[in-house]
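Note sheet for the following structure.
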Amino acid sequence: MSDLSTANPSRAKGFDVQAIRRDFPILSQEVNGKPLVYLDNGASAQKPQAVLDAMDRYYREMHSNVHRGAHTLGDRATTAFEGARETVRRFLNAGSTREIIWTRGTTEAINVVANGLAPRLKEGDEILVSHMEHHANIVPWQMIAERTGAKVIPIQVTPEGELDLDSFNSLLNERTRILALAHVSNVLGTVNPVAPLIEQAKKFGVLTLLDAAQAVPHFQPNMQELGCDFYTFSSHKLFGPTGIGVLYGRAELLEEMPPYQGGGEMIERVSFERTTWNVLPYKFEAGTPAIAEAVGLGAAIDYLNALDRPAMEAAEMALLERANELVPSVPGLKILGNAARKVPVLSFTLEGLHPSDLGTLLDQQGIAIRTGHHCAMPLMDFYGVPGTARASFAFYNTLDEVDQLFAGLQKIQRLFT
Ligand SMILES: Cc1ncc(COP(=O)(O)O)c(C=O)c1O
């Protein structure tokens, strides 16, 4: 636990959702005259008081720039900042903090990897992604493909919203260089069976990256078990602050990759004749980093560690079950994504109503959901819809809130379709 933690270890036993909600100050407000029902956690999750306190305390008591400490505040800031890196390492069960790179988020992390692997790619090489990826795990690869002559090839998705394993098997071959997959789909909630796919890819010498933006808020990953080469996520979806994220990478690959940006911090020595790079992880961290944000992310992970994780996961599954039970109560409601293994995410359309109107009408009832293409246009094309409405749940949501969502949908269906 980092020394800035204010997480309450008394929460360790059982799962009292009302007590947990009191840890999140933003949840106890009214929106449009109604108690807020926040179901847009997939876009960005709310922050516990422990995170707000850690960042506040950091700025009040220890802020200075890191790694140059000729003075006490510099040392304190560096200790807090590097302590957060160690917290992330433990969260991922990574072998070393050299493998934990701070980025601005998942998007930047994937760009760092795409840029870093570009020198390995040549004409005719293939990069496998899937049809259910967020644009963040498509576009960086397309940009690198354009530079190198490689091709980006999508693995098909089944109508239920699972990866089509026959498609995967038929596409994986000796030309494949990279497999870049969502650990969890942001639209469908599907938890992809990544471990066996990584194992298969390795047989072809393929490098593997997982986009875990939607995975880590729901379960704790283990780098030693997954065996992937790169793992990426964003703090703001993991109950931490915006502006920071994580790239885990295997050290020997990171050593080989060129830096992403040049500047201060990432160098060992600079001269006009020859500049050399700093050691890992700093080689990939040009410029003054997001120090308070790293501290905030460390506090968010400490907070999660103090919860009863199995109880939390069971509570989340109960939310999804309740939602699924209530689906037939709204005529014309169609769910996209019925994978056997899902996190609590529900993407839907309501016959006769555009998803954005649905979002506005729910907002009037204090219910926050997301509508649109969810940065997954190829998946929208696959399902033949311009967009969907998406309710994405977190462990602080209640069964009562699920009921309110469906009561809202029933009302909208009666009045507007
Ligand atoms: C699966 C997935 N990947 C990547 C991202 C991009 O995350 P960020 O905008 O924090 O970089 C998101 C955000 O919604 C996402 O859901």
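Just remember, in the structure tokens the first chain shown is A, the second B, etc., residues are 1-based per chain, and ligands are 1-based in the order shown.
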
Exercise for the section: Residues within 9 Å of ligand 1 should be enumerated using only C-alpha atoms and all ligand atoms and returned as an MDAnalysis selection string. Expected result: chainID A and resid 42:44 104:110 132:137 182:187 211:215 232:237 242:245 374:376

Practice task
Would you mind listing what lies within 8 Å of Glu126 of chain A as a list in words, with only C-alpha atoms counted and same-chain residues fewer than 4 positions away left out?
Solution key: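 Selected residues are Ala150, Lys151, Val152, Ile153, Arg175, Thr176, Arg177 and Ile178 of chain A.
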
Handout entry: Nearest residue to Gln261 of chain A from the set A:Ala54, A:Val295, A:Val112, A:Val246 (distances using only C-alpha atoms)
Key =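 Using only C-alpha atoms, the shortest distance to Gln261 of chain A belongs to A:Val112.
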
Exercise for the section: Pick out the residues sitting within 10 Å of Pro221 of chain A, and hand them over as a VMD selection string; count only C-alpha atoms, and ignore anything fewer than 4 positions along from it in its own chain. Expected result: chain A and resid 91 to 94 183 212 215 to 216 225 to 226 231

Practice task
Return as a list of chain:residue names the full set of residues in segment 167-301 of chain A whose backbone-based DSSP assignment is strand (DSSP E).
Solution key: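 Written out, the strand (DSSP E) residues of segment 167-301 of chain A are A:Thr176, A:Arg177, A:Ile178, A:Leu179, A:Ala180, A:Leu181, A:Ala182, A:Leu207, A:Thr208, A:Leu209, A:Leu210, A:Asp211, A:Phe230, A:Tyr231, A:Thr232, A:Phe233, A:Ser234, A:Gly245, A:Val246, A:Leu247, A:Tyr248, A:Gly249, A:Ile267, A:Glu268, A:Arg269, A:Thr276, A:Trp277.
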
Completion exercise
atom CA of Thr148 of chain A to atom CA of Pro119 of chain A measures 8.1 Å

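Between atom CA of Ile335 of chain A and atom CA of Ala180 of chain A the separation is 26.0 Å.
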
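Ranking A:Arg390, A:Lys283, A:Arg309, A:Arg60 by their shortest atom-to-atom distance to Pro258 of chain A, with only C-alpha atoms included, puts A:Lys283 first.
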